[in-house]
Amino acid sequence: MASRSRSYTQLLGLLYFIFLLFTTSTTSVRVGVILHKPSAPTLPLFREAPAFRNGDQCVEADQIHIAMTLDTNYLRGTMAAVFSLLQHSTCPETLSFHFLSLAHFENDLFSSIKSTFPYLNFKIYQFDPNLVRSKISKSIREALDQPLNYARIYLADIVPPSVDRIIYLDSDLVVVDDIEKLWHVDMEGKVVAAPEYCHANFTHYFTKTFWSDPVLVKVLEGKRPCYFNTGVMVVDVDKWRKGLYTQKVEEWMTVQKQKRIYHLGSLPPFLLIFAGDIKAVNHRWNQHGLGGDNFEGRCRTLHPGPISLLHWSGKGKPWLRLDSRKPCIVDHLWAPYDLYRSSRHSLDE
């Protein structure tokens with residue numbers, strides 16, 4: 001009996017020892033999770049851009065406000081776009097940049113821009129993805145579903161009240177003309193100014209559910225079916241605020257969640273609200289579609305006519321195609337603005 005009792009006691013002791021080991025290792029794992037935070041992605045390095053002073057009478061010129069998003073995946077495109085704007089501006093010192101970014105990368109992005117453009121007048125605003133995350137519906141391309149793609153909807157609520165007009169630009173473009181010409185467009189009382197295309201087939205932008213609903217389809221009654229690309233817009237910020245257009249876009253996103261009335265990302269709500277009711281500007285200010293379609297990103301050629309802005313909307317981005325050594329002809333027009341430090345495409349080419 002004594003031997004059996006000792007064996008039982010030893011067994012209990014062994015079990016208690018195992019329990020201590022288990023709880024100790026579990027605690028250490030939990031502590032490890034708390035202490036080790038995921039590190040931010042390593043940002044690409046860029047060459048410092050030269051300082052441009054192109055005009056002699058720029059001291060009293062008006063400030064030109066430009067808004068863009070800052071995304072770690074598109075940063076190389078943003079740098080090229082900013083460089084092109086400065087290079088072709090008569091008064092580059094009048095350009096004031098308003099960047100929208102996700103909070104957890106803000107410091108790294110600030111340092112990257114400051115080191116590349118030491119004289120740039122800019123501010124970074126934290127965009128809260130929770131404003132829109134629950135409202136986003138899955139589209140035909142994952143890149144279109146990112147919260148920053150919807151930041152333009154909240155632009156009027158983010159920039160200072162003193163900003164009453166702003167130019168919104170995507171990150172996959174370069175400007176080859178003086179942006180001041182677009183800035184001074186006569187809005188004629190409209191909220192948005194952009195190149196528009198009134199021969200567009202709107203059946204491609206909305207689903208059968210939309211076209212078969214007599215209540216929904218009424219929104220387009222009496223309007224010209226004019227497409228415009230939201231990657232290049234002049235926005236009357238005051239009129240946007242007073243007209244509560246952020247809420248109007250959100251209302252259409254709610255309908256999309258319930259009924260699936262379109263396939264693309266943030267563009268269709270803009271079309272439902274503004275199509276046929278914007279100030280049309282010359283097509284030269286958005287030579288869009290250079291990135292091809294949304295599925296394969298095939299090469300496309302330039303449209304005939306003068307060009308002030310080249311836009312690689314679509315799946316194919318010039319920096320990716322150049323790096324893969326499978327560029328389209330139009331991608332060589334973007335290469336001279338590439339400030340990526342490891343790039344094979346130097347400014348001297």
# chains A, B, ... in the order shown; residues from 1 in each chain; ligands from 1
>>> residues_around(residues="A:Val163", least_positions_apart="6", cutoff="12 Å", atoms="only C-alpha atoms", output="list in words")
Asp62, Gln63, Ile64, His65, Ile66, Ala67, Ser96, Phe97, His98, Leu155, Ala156, Asp157, Val235, Asp236, Val237, Asp238, Lys239, Trp240 and Arg241 of chain A
>>> write_last_selection(atoms="all heavy atoms", output="short mmCIF file (atom, residue, chain, number, x, y, z; two decimals), in the first residue's frame")
data_model
loop_
_atom_site.label_atom_id
_atom_site.label_comp_id
_atom_site.auth_asym_id
_atom_site.auth_seq_id
_atom_site.Cartn_x
_atom_site.Cartn_y
_atom_site.Cartn_z
N ASP A 62 -1.53 83.17 -56.59
CA ASP A 62 -2.43 82.42 -55.72
C ASP A 62 -1.90 81.01 -55.45
O ASP A 62 -1.23 80.41 -56.30
CB ASP A 62 -3.82 82.31 -56.35
CG ASP A 62 -4.51 83.66 -56.46
OD1 ASP A 62 -4.15 84.55 -55.66
OD2 ASP A 62 -5.38 83.81 -57.34
N GLN A 63 -2.21 80.49 -54.27
CA GLN A 63 -1.86 79.11 -53.94
C GLN A 63 -2.77 78.16 -54.73
O GLN A 63 -3.97 78.38 -54.86
CB GLN A 63 -2.04 78.85 -52.45
CG GLN A 63 -0.93 79.44 -51.59
CD GLN A 63 0.39 78.71 -51.77
OE1 GLN A 63 0.48 77.52 -51.51
NE2 GLN A 63 1.42 79.44 -52.18
N ILE A 64 -2.17 77.11 -55.26
CA ILE A 64 -2.90 76.08 -56.00
C ILE A 64 -2.91 74.83 -55.12
O ILE A 64 -1.86 74.27 -54.81
CB ILE A 64 -2.24 75.79 -57.35
CG1 ILE A 64 -2.27 77.03 -58.23
CG2 ILE A 64 -2.91 74.61 -58.06
CD1 ILE A 64 -1.48 76.91 -59.52
N HIS A 65 -4.09 74.39 -54.72
CA HIS A 65 -4.23 73.27 -53.80
C HIS A 65 -4.44 71.96 -54.56
O HIS A 65 -5.36 71.86 -55.38
CB HIS A 65 -5.38 73.51 -52.83
CG HIS A 65 -5.18 74.70 -51.94
ND1 HIS A 65 -4.37 74.67 -50.83
CD2 HIS A 65 -5.65 75.98 -52.03
CE1 HIS A 65 -4.36 75.85 -50.24
NE2 HIS A 65 -5.13 76.66 -50.95
N ILE A 66 -3.58 70.99 -54.27
CA ILE A 66 -3.64 69.69 -54.95
C ILE A 66 -3.74 68.60 -53.91
O ILE A 66 -2.96 68.56 -52.95
CB ILE A 66 -2.39 69.47 -55.83
CG1 ILE A 66 -2.32 70.55 -56.92
CG2 ILE A 66 -2.39 68.07 -56.45
CD1 ILE A 66 -1.01 70.59 -57.65
N ALA A 67 -4.70 67.70 -54.08
CA ALA A 67 -4.90 66.58 -53.15
C ALA A 67 -4.54 65.26 -53.83
O ALA A 67 -4.88 65.04 -54.99
CB ALA A 67 -6.34 66.54 -52.66
N SER A 96 0.49 73.76 -53.34
CA SER A 96 0.32 73.30 -51.96
C SER A 96 -0.34 71.92 -51.99
O SER A 96 -1.45 71.76 -52.50
CB SER A 96 -0.57 74.29 -51.19
OG SER A 96 -0.74 73.90 -49.85
N PHE A 97 0.36 70.92 -51.47
CA PHE A 97 -0.10 69.53 -51.57
C PHE A 97 -0.77 69.08 -50.27
O PHE A 97 -0.28 69.32 -49.18
CB PHE A 97 1.08 68.61 -51.89
CG PHE A 97 1.59 68.74 -53.29
CD1 PHE A 97 2.53 69.71 -53.62
CD2 PHE A 97 1.09 67.92 -54.30
CE1 PHE A 97 2.99 69.84 -54.92
CE2 PHE A 97 1.55 68.04 -55.60
CZ PHE A 97 2.50 69.00 -55.92
N HIS A 98 -1.88 68.39 -50.45
CA HIS A 98 -2.64 67.83 -49.33
C HIS A 98 -2.70 66.32 -49.55
O HIS A 98 -3.42 65.83 -50.42
CB HIS A 98 -4.05 68.41 -49.28
CG HIS A 98 -4.08 69.91 -49.20
ND1 HIS A 98 -4.26 70.59 -48.02
CD2 HIS A 98 -3.94 70.86 -50.17
CE1 HIS A 98 -4.24 71.89 -48.25
NE2 HIS A 98 -4.03 72.09 -49.55
N LEU A 155 -12.79 64.27 -48.84
CA LEU A 155 -11.78 65.31 -49.00
C LEU A 155 -12.24 66.64 -48.40
O LEU A 155 -11.49 67.31 -47.68
CB LEU A 155 -11.45 65.48 -50.48
CG LEU A 155 -10.28 66.37 -50.85
CD1 LEU A 155 -9.00 65.87 -50.20
CD2 LEU A 155 -10.13 66.42 -52.37
N ALA A 156 -13.48 67.03 -48.68
CA ALA A 156 -13.98 68.32 -48.21
C ALA A 156 -14.07 68.40 -46.69
O ALA A 156 -14.02 69.49 -46.11
CB ALA A 156 -15.36 68.59 -48.82
N ASP A 157 -14.20 67.24 -46.04
CA ASP A 157 -14.28 67.21 -44.58
C ASP A 157 -12.90 67.16 -43.93
O ASP A 157 -12.79 67.39 -42.73
CB ASP A 157 -15.07 65.98 -44.12
CG ASP A 157 -16.46 65.92 -44.73
OD1 ASP A 157 -17.09 66.99 -44.84
OD2 ASP A 157 -16.90 64.82 -45.12
N VAL A 235 -12.51 70.36 -57.75
CA VAL A 235 -13.69 70.30 -56.88
C VAL A 235 -13.89 71.65 -56.18
O VAL A 235 -12.95 72.19 -55.58
CB VAL A 235 -13.53 69.19 -55.81
CG1 VAL A 235 -14.76 69.14 -54.91
CG2 VAL A 235 -13.30 67.83 -56.48
N ASP A 236 -15.11 72.18 -56.30
CA ASP A 236 -15.49 73.35 -55.51
C ASP A 236 -15.83 72.84 -54.11
O ASP A 236 -16.91 72.32 -53.87
CB ASP A 236 -16.70 74.06 -56.14
CG ASP A 236 -17.04 75.38 -55.44
OD1 ASP A 236 -17.01 75.41 -54.19
OD2 ASP A 236 -17.35 76.36 -56.13
N VAL A 237 -14.88 72.97 -53.20
CA VAL A 237 -15.01 72.36 -51.88
C VAL A 237 -16.17 72.98 -51.09
O VAL A 237 -16.90 72.28 -50.37
CB VAL A 237 -13.69 72.48 -51.08
CG1 VAL A 237 -13.80 71.76 -49.75
CG2 VAL A 237 -12.54 71.91 -51.89
N ASP A 238 -16.37 74.28 -51.23
CA ASP A 238 -17.47 74.95 -50.52
C ASP A 238 -18.82 74.38 -50.96
O ASP A 238 -19.68 74.07 -50.13
CB ASP A 238 -17.44 76.45 -50.78
CG ASP A 238 -16.41 77.16 -49.90
OD1 ASP A 238 -15.96 76.54 -48.91
OD2 ASP A 238 -16.07 78.31 -50.20
N LYS A 239 -19.01 74.27 -52.27
CA LYS A 239 -20.28 73.74 -52.77
C LYS A 239 -20.45 72.27 -52.39
O LYS A 239 -21.57 71.81 -52.14
CB LYS A 239 -20.35 73.91 -54.30
CG LYS A 239 -20.72 75.31 -54.75
CD LYS A 239 -20.96 75.35 -56.25
CE LYS A 239 -21.61 76.67 -56.66
NZ LYS A 239 -20.81 77.85 -56.27
N TRP A 240 -19.36 71.53 -52.36
CA TRP A 240 -19.43 70.11 -51.94
C TRP A 240 -19.94 70.02 -50.50
O TRP A 240 -20.81 69.21 -50.20
CB TRP A 240 -18.06 69.46 -52.08
CG TRP A 240 -18.03 68.00 -51.72
CD1 TRP A 240 -18.08 67.47 -50.46
CD2 TRP A 240 -17.99 66.88 -52.63
NE1 TRP A 240 -18.05 66.09 -50.52
CE2 TRP A 240 -18.00 65.71 -51.84
CE3 TRP A 240 -17.94 66.78 -54.01
CZ2 TRP A 240 -17.96 64.44 -52.39
CZ3 TRP A 240 -17.88 65.50 -54.57
CH2 TRP A 240 -17.90 64.35 -53.78
N ARG A 241 -19.36 70.85 -49.63
CA ARG A 241 -19.76 70.83 -48.22
C ARG A 241 -21.23 71.23 -48.06
O ARG A 241 -21.99 70.55 -47.37
CB ARG A 241 -18.87 71.77 -47.41
CG ARG A 241 -17.41 71.33 -47.30
CD ARG A 241 -16.63 72.35 -46.45
NE ARG A 241 -15.21 72.01 -46.37
CZ ARG A 241 -14.23 72.83 -46.72
NH1 ARG A 241 -14.50 74.05 -47.19
NH2 ARG A 241 -12.96 72.46 -46.60
#
>>> select_by_dssp(residues="stretch 48-83 of chain A", states="helix (DSSP H, G or I)", output="JSON list (two decimals) with N, CA and C atoms, in the first residue's frame")
[["chain", "number", "residue", "atom", "x", "y", "z"],
["A", 75, "LEU", "N", 3.50, 54.68, -53.91],
["A", 75, "LEU", "CA", 4.37, 55.81, -53.56],
["A", 75, "LEU", "C", 5.27, 56.21, -54.72],
["A", 76, "ARG", "N", 5.77, 55.25, -55.44],
["A", 76, "ARG", "CA", 6.66, 55.55, -56.58],
["A", 76, "ARG", "C", 5.91, 56.36, -57.64],
["A", 77, "GLY", "N", 4.64, 56.04, -57.84],
["A", 77, "GLY", "CA", 3.84, 56.81, -58.78],
["A", 77, "GLY", "C", 3.56, 58.21, -58.27],
["A", 78, "THR", "N", 3.30, 58.35, -56.98],
["A", 78, "THR", "CA", 3.04, 59.66, -56.40],
["A", 78, "THR", "C", 4.25, 60.57, -56.56],
["A", 79, "MET", "N", 5.44, 60.03, -56.29],
["A", 79, "MET", "CA", 6.67, 60.82, -56.42],
["A", 79, "MET", "C", 6.85, 61.33, -57.85],
["A", 80, "ALA", "N", 6.57, 60.47, -58.82],
["A", 80, "ALA", "CA", 6.69, 60.87, -60.22],
["A", 80, "ALA", "C", 5.67, 61.95, -60.56],
["A", 81, "ALA", "N", 4.45, 61.80, -60.04],
["A", 81, "ALA", "CA", 3.40, 62.78, -60.32],
["A", 81, "ALA", "C", 3.76, 64.15, -59.75],
["A", 82, "VAL", "N", 4.24, 64.19, -58.50],
["A", 82, "VAL", "CA", 4.63, 65.45, -57.88],
["A", 82, "VAL", "C", 5.78, 66.09, -58.64],
["A", 83, "PHE", "N", 6.76, 65.28, -59.00],
["A", 83, "PHE", "CA", 7.91, 65.78, -59.77],
["A", 83, "PHE", "C", 7.47, 66.42, -61.08]]
>>> residues_around(residues="A:Met233", least_positions_apart="6", cutoff="8 Å", atoms="only C-alpha atoms", output="PyMOL selection string")
chain A and resi 167-169+192-194
>>> write_last_selection(atoms="C-alpha atoms", output="mmCIF file, in the first residue's frame")
data_model
loop_
_atom_site.group_PDB
_atom_site.id
_atom_site.type_symbol
_atom_site.label_atom_id
_atom_site.label_comp_id
_atom_site.auth_asym_id
_atom_site.auth_seq_id
_atom_site.Cartn_x
_atom_site.Cartn_y
_atom_site.Cartn_z
ATOM 1 C CA ILE A 167 -7.563 69.597 -57.658
ATOM 2 C CA TYR A 168 -7.729 65.878 -56.898
ATOM 3 C CA LEU A 169 -5.189 63.712 -58.744
ATOM 4 C CA VAL A 192 -16.931 69.246 -60.185
ATOM 5 C CA ALA A 193 -14.901 70.052 -63.308
ATOM 6 C CA ALA A 194 -13.263 67.289 -65.366
#
>>> select_by_dssp(residues="stretch 89-216 of chain A", states="strand (DSSP E or B)", output="VMD selection string")
chain A and resid 95 to 101 121 to 126 165 to 169 173 to 175 192 to 194 196 to 197 206
>>> closest_atom_pairs(of="stretch 296-345 of chain A", to="stretch 114-130 of chain A", cutoff="12 Å", atoms="only C-alpha atoms", output="CSV")
residue,atom,partner,partner_atom,distance
A:Asp338,CA,A:Thr116,CA,11.7
A:Leu339,CA,A:Thr116,CA,8.4
A:Tyr340,CA,A:Thr116,CA,9.9
A:Arg341,CA,A:Thr116,CA,10.3
>>> residues_around(residues="A:Asp177", least_positions_apart="5", cutoff="8 Å", atoms="only C-alpha atoms", output="list in words")
Leu85, His88, Ser89, Ser308 and Leu309 of chain A
>>> closest_residue(among="A:Phe105, A:Phe52, A:Tyr337, A:Phe270", to="A:Glu251", atoms="only C-alpha atoms")
A:Phe270
>>> closest_residue(among="A:Met68, A:Val132, A:Val330, A:Val219", to="A:Pro147", atoms="only C-alpha atoms")
A:Val132
>>> closest_atom_pairs(of="stretch 93-211 of chain A", to="stretch 310-313 of chain A", cutoff="9 Å", atoms="only C-alpha atoms", output="JSON lines")
{"residue": "A:Asp170", "atom": "CA", "partner": "A:His311", "partner_atom": "CA", "distance": 8.2}
{"residue": "A:Ser171", "atom": "CA", "partner": "A:His311", "partner_atom": "CA", "distance": 8.8}
{"residue": "A:Asp172", "atom": "CA", "partner": "A:Trp312", "partner_atom": "CA", "distance": 5.4}
{"residue": "A:Leu173", "atom": "CA", "partner": "A:His311", "partner_atom": "CA", "distance": 4.2}
{"residue": "A:Val174", "atom": "CA", "partner": "A:Leu310", "partner_atom": "CA", "distance": 5.4}
{"residue": "A:Val175", "atom": "CA", "partner": "A:Leu310", "partner_atom": "CA", "distance": 6.4}
{"residue": "A:Val176", "atom": "CA", "partner": "A:Leu310", "partner_atom": "CA", "distance": 7.7}
>>> residues_around(residues="A:Phe210", least_positions_apart="3", cutoff="6 Å", atoms="only C-alpha atoms", output="PyMOL selection string")
chain A and resi 207+213+261
>>> write_last_selection(atoms="C-alpha atoms", output="compact mmCIF listing (two decimals), in the first residue's frame")
# COMPACT_ATOMS: atom_id res chain seq x y z
CA THR A 207 -25.85 45.95 -63.38
CA ASP A 213 -35.43 48.93 -61.01
CA ILE A 261 -26.05 47.88 -58.73
>>> atom_distance(atom1="atom CA of A:Gly289", atom2="atom CA of A:Leu267")
14.2 Å
>>> atom_distance(atom1="atom CA of A:Asp71", atom2="atom CA of A:Ser162")
25.7 Å
>>> residues_around(residues="A:Leu216", least_positions_apart="3", cutoff="12 Å", atoms="only C-alpha atoms", output="PDB file with N, CA and C atoms, in the first residue's frame")
ATOM      1  N   PHE A 206     -23.301  49.781 -64.813  1.00  0.00           N
ATOM      2  CA  PHE A 206     -24.319  49.386 -63.845  1.00  0.00           C
ATOM      3  C   PHE A 206     -24.904  48.021 -64.208  1.00  0.00           C
ATOM      4  N   THR A 207     -25.382  47.320 -63.204  1.00  0.00           N
ATOM      5  CA  THR A 207     -25.853  45.947 -63.381  1.00  0.00           C
ATOM      6  C   THR A 207     -27.299  45.899 -63.883  1.00  0.00           C
ATOM      7  N   LYS A 208     -27.753  44.696 -64.227  1.00  0.00           N
ATOM      8  CA  LYS A 208     -29.151  44.496 -64.646  1.00  0.00           C
ATOM      9  C   LYS A 208     -30.105  44.842 -63.519  1.00  0.00           C
ATOM     10  N   THR A 209     -29.662  44.623 -62.293  1.00  0.00           N
ATOM     11  CA  THR A 209     -30.498  44.972 -61.137  1.00  0.00           C
ATOM     12  C   THR A 209     -30.815  46.457 -61.131  1.00  0.00           C
ATOM     13  N   PHE A 210     -29.805  47.277 -61.456  1.00  0.00           N
ATOM     14  CA  PHE A 210     -30.025  48.726 -61.510  1.00  0.00           C
ATOM     15  C   PHE A 210     -30.992  49.087 -62.625  1.00  0.00           C
ATOM     16  N   TRP A 211     -30.730  48.586 -63.834  1.00  0.00           N
ATOM     17  CA  TRP A 211     -31.527  48.985 -64.994  1.00  0.00           C
ATOM     18  C   TRP A 211     -32.957  48.463 -64.933  1.00  0.00           C
ATOM     19  N   SER A 212     -33.190  47.406 -64.169  1.00  0.00           N
ATOM     20  CA  SER A 212     -34.543  46.846 -64.081  1.00  0.00           C
ATOM     21  C   SER A 212     -35.356  47.441 -62.933  1.00  0.00           C
ATOM     22  N   ASP A 213     -34.723  48.309 -62.135  1.00  0.00           N
ATOM     23  CA  ASP A 213     -35.425  48.935 -61.008  1.00  0.00           C
ATOM     24  C   ASP A 213     -35.933  50.311 -61.435  1.00  0.00           C
ATOM     25  N   VAL A 219     -32.916  58.186 -61.516  1.00  0.00           N
ATOM     26  CA  VAL A 219     -31.888  59.161 -61.176  1.00  0.00           C
ATOM     27  C   VAL A 219     -31.166  59.682 -62.416  1.00  0.00           C
ATOM     28  N   LEU A 220     -31.168  58.892 -63.490  1.00  0.00           N
ATOM     29  CA  LEU A 220     -30.486  59.298 -64.727  1.00  0.00           C
ATOM     30  C   LEU A 220     -31.419  59.939 -65.739  1.00  0.00           C
ATOM     31  N   GLU A 221     -32.697  60.035 -65.408  1.00  0.00           N
ATOM     32  CA  GLU A 221     -33.663  60.640 -66.340  1.00  0.00           C
ATOM     33  C   GLU A 221     -33.336  62.110 -66.571  1.00  0.00           C
ATOM     34  N   TRP A 252     -25.531  56.067 -51.927  1.00  0.00           N
ATOM     35  CA  TRP A 252     -25.459  55.141 -53.061  1.00  0.00           C
ATOM     36  C   TRP A 252     -24.621  53.918 -52.718  1.00  0.00           C
ATOM     37  N   VAL A 255     -26.921  51.547 -51.012  1.00  0.00           N
ATOM     38  CA  VAL A 255     -27.766  50.848 -51.990  1.00  0.00           C
ATOM     39  C   VAL A 255     -26.978  49.723 -52.655  1.00  0.00           C
ATOM     40  N   GLN A 256     -25.714  50.009 -52.977  1.00  0.00           N
ATOM     41  CA  GLN A 256     -24.843  48.997 -53.588  1.00  0.00           C
ATOM     42  C   GLN A 256     -24.685  47.792 -52.680  1.00  0.00           C
ATOM     43  N   LYS A 259     -28.103  45.867 -52.957  1.00  0.00           N
ATOM     44  CA  LYS A 259     -28.649  45.372 -54.224  1.00  0.00           C
ATOM     45  C   LYS A 259     -27.617  45.068 -55.307  1.00  0.00           C
ATOM     46  N   ARG A 260     -26.363  45.430 -55.101  1.00  0.00           N
ATOM     47  CA  ARG A 260     -25.304  45.211 -56.110  1.00  0.00           C
ATOM     48  C   ARG A 260     -25.708  45.837 -57.446  1.00  0.00           C
ATOM     49  N   ILE A 261     -25.595  47.160 -57.537  1.00  0.00           N
ATOM     50  CA  ILE A 261     -26.050  47.876 -58.731  1.00  0.00           C
ATOM     51  C   ILE A 261     -24.908  48.275 -59.667  1.00  0.00           C
ATOM     52  N   TYR A 262     -23.642  48.064 -59.272  1.00  0.00           N
ATOM     53  CA  TYR A 262     -22.509  48.353 -60.152  1.00  0.00           C
ATOM     54  C   TYR A 262     -21.347  47.426 -59.811  1.00  0.00           C
ATOM     55  N   LEU A 272     -23.602  58.533 -60.772  1.00  0.00           N
ATOM     56  CA  LEU A 272     -25.026  58.620 -60.444  1.00  0.00           C
ATOM     57  C   LEU A 272     -25.399  60.017 -59.949  1.00  0.00           C
ATOM     58  N   ILE A 273     -24.463  60.700 -59.325  1.00  0.00           N
ATOM     59  CA  ILE A 273     -24.743  62.033 -58.775  1.00  0.00           C
ATOM     60  C   ILE A 273     -24.412  63.145 -59.771  1.00  0.00           C
TER      61      ILE A 273
END
>>> closest_residue(among="A:Ala151, A:Cys299, A:Leu102, A:Val281", to="A:Asp186", atoms="only C-alpha atoms")
A:Val281
>>> residues_around(residues="A:Asp56", least_positions_apart="3", cutoff="12 Å", atoms="only C-alpha atoms", output="ChimeraX atom specification")
/A:52-53,59-61,90-93
>>> write_last_selection(atoms="N, CA and C atoms", output="PDB file, in the first residue's frame")
ATOM      1  N   PHE A  52      12.804  73.665 -58.486  1.00  0.00           N
ATOM      2  CA  PHE A  52      12.468  74.403 -59.707  1.00  0.00           C
ATOM      3  C   PHE A  52      12.019  75.815 -59.348  1.00  0.00           C
ATOM      4  N   ARG A  53      12.555  76.771 -60.047  1.00  0.00           N
ATOM      5  CA  ARG A  53      12.105  78.158 -59.955  1.00  0.00           C
ATOM      6  C   ARG A  53      11.927  78.632 -61.385  1.00  0.00           C
ATOM      7  N   VAL A  59       5.703  85.803 -56.691  1.00  0.00           N
ATOM      8  CA  VAL A  59       5.592  86.150 -55.274  1.00  0.00           C
ATOM      9  C   VAL A  59       4.140  86.312 -54.853  1.00  0.00           C
ATOM     10  N   GLU A  60       3.329  86.966 -55.666  1.00  0.00           N
ATOM     11  CA  GLU A  60       1.942  87.265 -55.295  1.00  0.00           C
ATOM     12  C   GLU A  60       0.948  86.323 -55.962  1.00  0.00           C
ATOM     13  N   ALA A  61       1.417  85.253 -56.540  1.00  0.00           N
ATOM     14  CA  ALA A  61       0.517  84.310 -57.211  1.00  0.00           C
ATOM     15  C   ALA A  61      -0.316  83.545 -56.189  1.00  0.00           C
ATOM     16  N   THR A  90       4.724  77.009 -63.878  1.00  0.00           N
ATOM     17  CA  THR A  90       5.388  78.311 -64.001  1.00  0.00           C
ATOM     18  C   THR A  90       5.828  78.809 -62.630  1.00  0.00           C
ATOM     19  N   CYS A  91       5.005  78.569 -61.627  1.00  0.00           N
ATOM     20  CA  CYS A  91       5.320  78.983 -60.256  1.00  0.00           C
ATOM     21  C   CYS A  91       5.185  77.783 -59.316  1.00  0.00           C
ATOM     22  N   PRO A  92       6.175  76.879 -59.316  1.00  0.00           N
ATOM     23  CA  PRO A  92       6.069  75.665 -58.495  1.00  0.00           C
ATOM     24  C   PRO A  92       5.939  75.943 -57.005  1.00  0.00           C
ATOM     25  N   GLU A  93       6.446  77.117 -56.561  1.00  0.00           N
ATOM     26  CA  GLU A  93       6.353  77.434 -55.132  1.00  0.00           C
ATOM     27  C   GLU A  93       4.926  77.733 -54.695  1.00  0.00           C
TER      28      GLU A  93
END
